[in-house]
>>> print(open('input_8.txt').read())   # compact mmCIF, C-alpha atoms
# COMPACT_ATOMS: atom_id res chain seq x y z
CA MET A 39 -0.30 -30.15 60.10
CA HIS A 40 2.11 -28.98 62.81
CA ARG A 41 5.23 -29.46 60.68
CA HIS A 42 3.79 -27.75 57.58
CA ARG A 43 1.55 -25.19 59.28
CA LYS A 44 3.21 -22.16 57.67
CA LEU A 45 2.83 -23.74 54.24
CA CYS A 46 -0.86 -24.40 54.87
CA GLU A 47 -1.57 -20.92 56.25
CA ARG A 48 -0.07 -19.04 53.30
CA ALA A 49 -1.37 -21.41 50.60
CA VAL A 50 -4.02 -20.00 48.29
CA ASP A 51 -5.25 -23.43 47.16
CA PRO A 52 -4.55 -27.16 47.73
CA LEU A 53 -2.29 -27.27 44.67
CA GLU A 54 0.26 -25.07 46.41
CA ILE A 55 0.24 -27.34 49.47
CA ALA A 56 0.68 -30.43 47.29
CA ALA A 57 3.65 -28.85 45.52
CA GLY A 58 5.18 -27.81 48.85
CA LEU A 59 4.75 -31.28 50.32
CA GLU A 60 6.41 -32.84 47.30
CA ALA A 61 9.30 -30.38 47.59
CA HIS A 62 9.77 -31.63 51.20
CA GLY A 63 9.93 -35.25 50.04
CA ILE A 64 6.32 -36.31 50.66
CA THR A 65 5.24 -38.90 48.09
CA ASP A 66 2.03 -40.79 47.37
CA ARG A 67 3.40 -43.69 49.41
CA THR A 68 3.90 -41.36 52.39
CA ALA A 69 0.36 -40.03 51.95
CA ALA A 70 -0.95 -43.59 52.12
CA ARG A 71 0.33 -43.80 55.70
CA PHE A 72 -2.10 -41.00 56.51
CA ARG A 73 -4.92 -42.93 54.80
CA HIS A 74 -4.97 -40.84 51.65
CA ARG A 75 -4.66 -42.20 48.12
CA ASP A 76 -2.14 -39.51 47.03
CA VAL A 77 -0.48 -36.23 47.98
CA PHE A 78 -3.22 -34.19 46.28
CA SER A 79 -5.89 -35.75 48.49
CA LEU A 80 -3.77 -35.16 51.60
CA ALA A 81 -3.23 -31.53 50.56
CA GLU A 82 -6.98 -30.98 50.16
CA GLU A 83 -7.63 -32.13 53.72
CA MET A 84 -4.79 -30.01 55.09
CA TYR A 85 -6.11 -26.99 53.20
CA ALA A 86 -9.61 -27.58 54.57
CA ARG A 87 -8.48 -28.11 58.18
CA VAL A 88 -6.10 -25.19 58.55
CA SER A 89 -7.51 -22.27 60.57
CA ARG A 90 -8.09 -19.03 58.68
CA ASP A 91 -9.78 -15.73 59.34
CA GLY A 92 -13.28 -16.14 57.94
CA ASP A 93 -14.54 -18.65 55.46
CA THR A 94 -12.56 -18.35 52.25
CA PRO A 95 -14.07 -20.15 49.27
CA LEU A 96 -11.88 -22.56 47.32
CA PRO A 97 -10.28 -20.51 44.54
CA ALA A 98 -10.30 -21.62 40.95
CA PRO A 99 -7.12 -23.14 39.50
CA PRO A 100 -4.60 -20.48 38.43
CA ALA A 101 -5.04 -19.27 34.89
CA ALA A 102 -2.35 -20.00 32.36
CA PRO A 103 -0.02 -17.06 31.57
CA ARG A 104 -1.07 -15.07 28.55
CA MET A 105 1.07 -14.12 25.58
CA ARG A 106 1.62 -10.37 25.68
CA ALA A 107 2.64 -8.07 22.86
CA ASP A 108 5.50 -6.47 24.82
CA TRP A 109 7.48 -9.65 25.41
CA VAL A 110 6.70 -10.92 21.90
CA PHE A 111 8.40 -7.78 20.58
CA LEU A 112 11.33 -8.19 22.98
CA THR A 113 11.97 -11.78 21.89
CA LEU A 114 12.07 -10.72 18.22
CA LEU A 115 14.39 -7.78 18.88
CA PRO A 116 17.71 -9.68 19.46
CA GLY A 117 17.40 -11.54 16.16
CA ALA A 118 16.52 -8.40 14.24
CA LEU A 119 19.43 -6.44 15.71
CA CYS A 120 21.84 -9.32 15.12
CA ALA A 121 20.77 -9.56 11.47
CA ALA A 122 21.27 -5.80 11.11
CA THR A 123 24.73 -6.08 12.72
CA VAL A 124 25.83 -8.89 10.40
CA THR A 125 24.63 -6.90 7.41
CA ALA A 126 26.48 -3.77 8.58
CA VAL A 127 29.70 -5.74 9.13
CA GLN A 128 29.55 -7.20 5.63
CA LEU A 129 28.91 -3.80 4.01
CA THR A 130 31.70 -1.91 5.83
CA HIS A 131 35.50 -2.12 5.85
CA GLY A 132 38.39 -1.23 8.12
CA GLN A 133 37.67 0.87 11.18
CA SER A 134 34.03 1.35 10.21
CA ARG A 135 33.56 -2.43 10.35
CA LEU A 136 35.03 -2.52 13.87
CA PHE A 137 32.69 0.23 15.05
CA ALA A 138 29.69 -1.50 13.46
CA ALA A 139 30.57 -4.82 15.12
CA ALA A 140 31.07 -3.23 18.55
CA ALA A 141 27.88 -1.19 18.39
CA GLY A 142 25.89 -4.14 17.09
CA ALA A 143 27.21 -6.48 19.79
CA LEU A 144 26.25 -3.97 22.48
CA ALA A 145 22.76 -3.51 21.00
CA VAL A 146 22.16 -7.27 20.78
CA ALA A 147 23.37 -7.77 24.36
CA LEU A 148 21.01 -5.09 25.68
CA ALA A 149 18.10 -6.47 23.68
CA LEU A 150 18.79 -9.99 24.93
CA ARG A 151 18.96 -8.75 28.50
CA ALA A 152 15.59 -7.07 28.10
CA ALA A 153 14.11 -10.25 26.59
CA LEU A 154 15.34 -12.33 29.52
CA ARG A 155 13.82 -9.93 32.05
CA ARG A 156 10.29 -10.10 30.66
CA GLY A 157 7.97 -12.89 29.54
CA PRO A 158 8.44 -16.68 29.58
CA LEU A 159 12.24 -16.50 29.77
CA SER A 160 12.11 -14.35 32.89
CA ARG A 161 12.42 -15.47 36.50
CA THR A 162 10.44 -12.57 37.91
CA ASP A 163 7.25 -12.45 35.80
CA ALA A 164 4.30 -12.28 38.20
CA ASP A 165 2.10 -14.27 35.86
CA ARG A 166 4.16 -17.46 35.96
CA PRO A 167 6.04 -19.66 38.42
CA GLY A 168 9.06 -17.91 39.80
CA PRO A 169 12.18 -19.15 41.53
CA ARG A 170 11.62 -21.59 44.35
CA PRO A 171 12.36 -20.29 47.85
CA GLY A 172 15.87 -21.21 48.86
CA ALA A 173 16.95 -22.14 45.33
CA ALA A 174 20.69 -22.21 44.84
CA SER A 175 21.99 -19.29 42.84
CA GLY A 176 24.55 -19.44 40.07
CA ARG A 177 26.07 -16.95 37.67
CA THR A 178 25.80 -18.05 34.06
CA THR A 179 26.28 -14.82 32.10
CA PRO A 180 30.10 -14.92 31.74
CA TRP A 181 30.06 -18.54 30.59
CA THR A 182 27.19 -17.93 28.18
CA VAL A 183 29.11 -15.02 26.65
CA TRP A 184 32.17 -17.23 26.28
CA LEU A 185 30.22 -20.04 24.58
CA VAL A 186 28.61 -17.64 22.10
CA ALA A 187 31.95 -15.92 21.43
CA TYR A 188 33.58 -19.31 20.82
CA SER A 189 30.91 -20.20 18.26
CA LEU A 190 31.78 -16.94 16.49
CA LEU A 191 35.59 -16.97 16.73
CA GLY A 192 36.69 -20.21 18.38
CA ASN A 193 36.80 -22.57 15.41
CA GLY A 194 38.82 -20.12 13.33
CA LEU A 195 41.22 -19.50 16.21
CA LEU A 196 41.70 -23.23 16.82
CA ASP A 197 42.35 -23.92 13.14
CA SER A 198 44.82 -21.06 12.95
CA ALA A 199 46.55 -22.14 16.17
CA LEU A 200 47.03 -25.70 14.93
CA ALA A 201 48.60 -24.27 11.77
CA GLY A 202 51.05 -22.12 13.76
CA GLY A 203 49.07 -18.86 13.89
CA PRO A 204 47.27 -16.63 14.29
CA ASP A 205 49.37 -13.92 12.71
CA ALA A 206 46.70 -11.21 12.77
CA LEU A 207 43.35 -10.35 14.29
CA PRO A 208 40.15 -11.40 12.49
CA THR A 209 38.69 -8.91 10.03
CA GLY A 210 35.15 -10.24 10.08
CA THR A 211 35.15 -12.35 6.93
CA ALA A 212 34.98 -16.11 6.39
CA ASP A 213 38.02 -16.30 4.07
CA ASP A 214 40.59 -14.87 6.51
CA PRO A 215 43.35 -16.96 8.12
CA TRP A 216 41.25 -16.48 11.29
CA PRO A 217 37.71 -16.84 9.87
CA VAL A 218 34.57 -15.68 11.63
CA THR A 219 31.46 -17.90 11.59
CA ALA A 220 28.47 -15.64 12.07
CA ALA A 221 25.70 -18.08 11.05
CA PRO A 222 25.48 -19.95 14.39
CA VAL A 223 25.37 -16.68 16.35
CA LEU A 224 22.69 -15.25 14.05
CA ALA A 225 20.64 -18.45 14.39
CA LEU A 226 20.95 -18.32 18.19
CA ALA A 227 19.77 -14.70 18.26
CA LEU A 228 16.83 -15.49 16.00
CA ALA A 229 16.03 -18.55 18.14
CA CYS A 230 15.29 -16.30 21.11
CA ALA A 231 11.72 -15.97 19.82
CA PRO A 232 10.93 -19.72 19.44
CA ALA A 233 12.66 -20.32 22.78
CA ALA A 234 10.27 -17.91 24.49
CA TRP A 235 7.22 -19.23 22.65
CA THR A 236 7.98 -22.89 23.42
CA ALA A 237 8.73 -22.00 27.06
CA HIS A 238 5.36 -20.24 27.23
CA LEU A 239 3.67 -23.29 25.70
CA PHE A 240 5.31 -25.62 28.21
CA THR A 241 4.37 -23.41 31.18
CA ALA A 242 0.75 -23.04 30.11
CA ARG A 243 0.22 -26.75 29.38
CA ALA A 244 1.99 -27.84 32.56
CA ARG A 245 -0.18 -25.46 34.61
CA ARG A 246 -3.32 -27.03 33.11
CA LYS A 247 -2.08 -30.55 33.79
CA LEU A 248 -1.27 -29.59 37.37
CA ALA A 249 -4.82 -28.39 37.90
CA GLY A 250 -6.29 -31.61 36.48
CA SER A 251 -3.91 -34.17 38.00
CA ARG A 252 -4.86 -36.40 40.92
CA GLY A 253 -1.42 -37.76 41.78
CA LEU A 254 2.27 -36.92 41.53
CA GLU A 255 3.06 -39.90 39.34
CA ASP A 256 0.17 -39.07 37.00
CA PHE A 257 1.37 -35.49 36.71
CA ALA A 258 4.98 -36.54 35.99
CA ALA A 259 3.82 -39.03 33.34
CA ALA A 260 1.74 -36.33 31.66
CA VAL A 261 4.40 -33.60 31.74
CA ARG A 262 7.37 -35.70 30.58
CA PRO A 263 6.21 -36.09 26.94
CA LEU A 264 5.15 -32.44 26.98
CA LEU A 265 8.65 -31.39 28.02
CA LEU A 266 10.36 -33.58 25.43
CA GLY A 267 7.95 -32.41 22.73
CA THR A 268 8.61 -28.78 23.60
CA PHE A 269 12.36 -29.41 23.44
CA ALA A 270 12.02 -31.13 20.05
CA LEU A 271 9.92 -28.22 18.77
CA PHE A 272 12.64 -25.77 19.74
CA LEU A 273 15.32 -27.92 18.09
CA GLY A 274 13.29 -28.00 14.87
CA ALA A 275 12.94 -24.22 14.88
CA MET A 276 16.64 -23.82 15.64
CA ALA A 277 17.61 -26.13 12.77
CA ALA A 278 15.40 -24.19 10.35
CA LEU A 279 16.89 -20.86 11.43
CA LEU A 280 20.42 -22.27 11.14
CA THR A 281 19.70 -23.51 7.61
CA LEU A 282 18.40 -20.06 6.66
CA SER A 283 21.38 -18.28 8.24
CA THR A 284 24.00 -20.44 6.53
CA ALA A 285 22.25 -20.05 3.18
CA VAL A 286 22.10 -16.26 3.45
CA LEU A 287 25.68 -15.85 4.74
CA HIS A 288 27.13 -18.55 2.44
CA GLU A 289 28.88 -20.30 5.33
CA PRO A 290 29.30 -24.05 5.87
CA ALA A 291 26.54 -25.51 8.02
CA ALA A 292 27.73 -26.57 11.48
CA TYR A 293 24.56 -28.28 12.64
CA ALA A 294 26.11 -30.43 15.37
CA GLN A 295 27.91 -27.54 17.03
CA ALA A 296 25.10 -24.99 16.75
CA LEU A 297 22.29 -27.35 17.78
CA ALA A 298 24.30 -28.64 20.74
CA LEU A 299 24.97 -25.09 21.94
CA GLY A 300 21.35 -24.04 21.34
CA SER A 301 20.08 -27.07 23.27
CA LEU A 302 22.40 -26.34 26.19
CA LEU A 303 21.41 -22.69 26.45
CA TYR A 304 17.69 -23.45 26.04
CA LEU A 305 17.62 -26.12 28.74
CA ALA A 306 19.70 -23.97 31.06
CA ARG A 307 17.29 -21.07 30.68
CA LEU A 308 14.23 -23.31 31.05
CA LEU A 309 15.56 -24.59 34.36
CA THR A 310 16.50 -21.08 35.48
CA THR A 311 13.00 -19.74 34.85
CA HIS A 312 11.66 -22.40 37.23
CA GLY A 313 14.19 -21.59 39.94
CA PHE A 314 16.76 -24.35 39.36
CA THR A 315 19.99 -22.43 38.78
CA TYR A 316 22.74 -24.62 40.23
CA ALA A 317 22.95 -27.31 37.55
CA PRO A 318 22.90 -24.81 34.63
CA ALA A 319 25.70 -22.81 36.24
CA VAL A 320 27.83 -25.90 36.83
CA LEU A 321 27.39 -27.34 33.32
CA LEU A 322 27.86 -24.02 31.51
CA THR A 323 31.03 -23.45 33.53
CA ALA A 324 32.31 -26.94 32.73
CA THR A 325 31.58 -26.56 29.00
CA ALA A 326 33.33 -23.19 28.77
CA THR A 327 36.30 -24.63 30.69
CA VAL A 328 36.62 -27.54 28.25
CA GLU A 329 36.62 -25.21 25.25
CA ALA A 330 39.16 -22.90 26.89
CA ALA A 331 41.33 -25.87 27.83
CA ALA A 332 41.32 -27.10 24.21
CA LEU A 333 42.70 -23.76 23.03
CA ALA A 334 45.14 -23.49 25.94
CA THR A 335 46.68 -26.91 25.29
CA VAL A 336 47.35 -26.04 21.65
CA PHE A 337 49.19 -22.83 22.56
CA ALA A 338 50.98 -24.49 25.49
CA SER A 339 52.27 -27.24 23.18
CA ARG A 340 54.56 -24.66 21.51
CA LEU A 341 56.74 -24.63 24.61
CA PRO A 342 59.82 -26.86 24.43
CA GLY A 343 59.02 -30.37 25.62
CA PHE A 344 55.23 -29.87 25.72
CA ARG A 345 54.32 -30.76 22.15
CA PHE A 346 52.31 -33.75 23.38
CA LEU A 347 49.69 -31.45 24.94
CA ALA A 348 48.14 -30.71 21.54
CA THR A 349 47.88 -34.37 20.52
CA PRO A 350 44.29 -35.00 21.77
CA VAL A 351 42.89 -31.84 20.18
CA ASP A 352 44.87 -32.35 16.98
CA THR A 353 43.62 -35.92 16.66
CA LEU A 354 40.03 -34.87 17.27
CA VAL A 355 40.21 -32.03 14.73
CA THR A 356 41.89 -34.24 12.13
CA THR A 357 39.24 -36.94 12.53
CA TRP A 358 36.01 -34.94 12.83
CA GLY A 359 36.88 -31.32 12.11
CA THR A 360 37.31 -28.19 14.20
CA GLY A 361 33.63 -28.03 15.13
CA SER A 362 33.85 -31.38 16.92
CA VAL A 363 35.43 -29.77 20.00
CA PRO A 364 32.47 -27.47 20.87
CA ALA A 365 29.99 -30.04 19.54
CA LEU A 366 31.20 -32.73 21.93
CA ALA A 367 31.55 -30.34 24.87
CA CYS A 368 28.14 -28.71 24.42
CA GLY A 369 26.46 -31.98 23.40
CA ALA A 370 27.60 -33.84 26.51
CA ALA A 371 26.53 -30.97 28.76
CA ALA A 372 23.17 -30.64 26.98
CA LEU A 373 22.50 -34.37 27.37
CA ALA A 374 23.27 -34.23 31.09
CA LEU A 375 21.09 -31.15 31.46
CA LEU A 376 18.23 -32.82 29.57
CA VAL A 377 18.28 -35.75 32.00
CA HIS A 378 18.32 -33.31 34.91
CA THR A 379 15.48 -31.29 33.37
CA THR A 380 13.24 -34.34 32.97
CA ARG A 381 13.71 -35.01 36.69
CA LYS A 382 13.17 -31.49 37.96
CA LEU A 383 10.49 -30.05 35.67
CA THR A 384 8.21 -33.09 35.93
CA ARG A 385 7.66 -32.37 39.62
CA ALA A 386 4.54 -30.55 40.74
CA SER A 387 6.61 -28.26 42.96
CA ALA A 388 8.34 -26.82 39.88
CA HIS A 389 5.03 -25.48 38.57
CA ALA A 390 3.42 -24.21 41.77
CA PRO A 391 1.70 -20.83 41.37
CA PRO A 392 3.66 -17.87 42.70
CA GLN A 393 2.81 -16.69 46.18
CA PRO A 394 0.84 -13.45 46.33
CA ALA A 395 2.75 -10.36 47.34
CA ARG A 396 2.17 -9.23 50.92
>>> encode(input="input_8.txt", output="structure tokens")
Amino acid sequence: MHRHRKLCERAVDPLEIAAGLEAHGITDRTAARFRHRDVFSLAEEMYARVSRDGDTPLPAPPAAPRMRADWVFLTLLPGALCAATVTAVQLTHGQSRLFAAAAGALAVALALRAALRRGPLSRTDADRPGPRPGAASGRTTPWTVWLVAYSLLGNGLLDSALAGGPDALPTGTADDPWPVTAAPVLALALACAPAAWTAHLFTARARRKLAGSRGLEDFAAAVRPLLLGTFALFLGAMAALLTLSTAVLHEPAAYAQALALGSLLYLARLLTTHGFTYAPAVLLTATATVEAAALATVFASRLPGFRFLATPVDTLVTTWGTGSVPALACGAAALALLVHTTRKLTRASAHAPPQPAR
């Protein structure tokens, strides 16, 4: 009680105390030393024994966040604008195509920023758990932009570089010496909506399980399949959108590359919304660095005496294709992030209700 007095005094219910105790390393085994069967039971006694002004009745468990029309619209907007941009690029030529691509990219970026500031993909929504106090911060925007840009231009640039090019800038078509692959980017923009909806589903169900759990291990066992099921649901939606995009744009399907990138970005955002920003920043940075290094080694191999630098990338591309470079980089990072997510988001402290504003 003395060590965690501030936590007890500002808590609005025993669930917040239980989450705070777990964040400080208190487990059910530690609670047994204080003659309690689990951390939830210990938190209830601490909540009851802390001194407060007046008798405050035990509040009901926090309600699950509701789906609102404003953020539903915002999550649909990036995909709609990206589809309009791709259509405009295909219908224009020359300088008009460049203007259409630039304006469309700016519009999609602004729409995506608005979608990430509101609703389930936001860190500041008052209706859902926010960032944990003292959470490590990390900048992910530059690396996310690089990864998306690589999915659009990287494969064509790598192919052209291995063949001795590029001799000219891309013109926005798939049959150029430096081809542009717009289907993965369009699928990612359209997947913003299922990403938000599945994140909302996970938050709401986890909040209900937190209110009904009687132990940390029980809560983790209940949330783990929910998390994996939510992730699988997003992957299914992403695969369907990718199939639709490749069919409409008549581009070859790059399922491994696009699904690996979509998984990485989804897990990174899911962790960020719950206040865990360090691991996403590290892994996104590492993935972007690997992709940049693959391109750099190919161009550096043109220097006299450095031809061997391109051997690993050349071998990989010859064996599995150009898309294998981002697929392996994003896939490895997504797998590591999935393991990290199953550890962090199955803790009660990751789903504690936000503290009321003072």
>>> atom_distance(input="input_8.txt", atom1="atom CA of Thr125 of chain A", atom2="atom CA of Pro158 of chain A")
29.1 Å
>>> closest_residue(input="input_8.txt", among="A:Arg243, A:Ser283, A:Ile64, A:Ala374", to="Gly267 of chain A", atoms="only C-alpha atoms")
A:Arg243
>>> residues_around(input="input_8.txt", residues="Thr310 of chain A", least_positions_apart="5", cutoff="9 Å", atoms="only C-alpha atoms", output="PyMOL selection string")
chain A and resi 159-161+169+305+315-316+318
>>> atom_distance(input="input_8.txt", atom1="atom CA of Ala237 of chain A", atom2="atom CA of Ala277 of chain A")
17.3 Å
>>> closest_residue(input="input_8.txt", among="A:Leu129, A:Gly361, A:Leu322, A:Lys44", to="Pro290 of chain A", atoms="all atoms listed in the file")
A:Gly361
>>> atom_distance(input="input_8.txt", atom1="atom CA of Val223 of chain A", atom2="atom CA of Gly359 of chain A")
19.1 Å
>>> residues_near_point(input="input_8.txt", point="(17.8, -8.5, 17.5)", cutoff="9 Å", atoms="only C-alpha atoms", output="list of chain:residue names")
A:Leu112, A:Thr113, A:Leu114, A:Leu115, A:Pro116, A:Gly117, A:Ala118, A:Leu119, A:Cys120, A:Ala121, A:Ala122, A:Thr123, A:Ala145, A:Val146, A:Ala147, A:Ala149, A:Leu150, A:Ala227, A:Leu228, A:Cys230
>>> closest_residue(input="input_8.txt", among="A:Ala285, A:Ala70, A:Ala153, A:Met84", to="Pro52 of chain A", atoms="only C-alpha atoms")
A:Met84
>>> residues_near_point(input="input_8.txt", point="(26.4, -27.3, 33.8)", cutoff="9 Å", atoms="all atoms listed in the file", output="list of chain:residue names")
A:Leu302, A:Ala306, A:Tyr316, A:Ala317, A:Pro318, A:Ala319, A:Val320, A:Leu321, A:Leu322, A:Thr323, A:Ala324, A:Thr325, A:Ala371, A:Ala372, A:Ala374, A:Leu375
>>> closest_residue(input="input_8.txt", among="A:Leu271, A:Thr327, A:Leu80, A:Asp197", to="Trp184 of chain A", atoms="all atoms listed in the file")
A:Thr327
>>> closest_residue(input="input_8.txt", among="A:Thr384, A:Val186, A:Gly202, A:Val218", to="Pro263 of chain A", atoms="all atoms listed in the file")
A:Thr384
>>> residues_around(input="input_8.txt", residues="Arg262 of chain A", least_positions_apart="5", cutoff="10 Å", atoms="only C-alpha atoms", output="list in words")
Ala244, Phe257, Gly267, Thr268, Thr379, Thr380, Arg381, Leu383, Thr384 and Arg385 of chain A
>>> closest_residue(input="input_8.txt", among="A:Leu299, A:Ala199, A:Phe111, A:Asp256", to="Ala338 of chain A", atoms="all atoms listed in the file")
A:Ala199
>>> residues_around(input="input_8.txt", residues="Thr219 of chain A", least_positions_apart="4", cutoff="8 Å", atoms="all atoms listed in the file", output="number ranges by chain")
A: 189-191, 194, 212, 223, 289
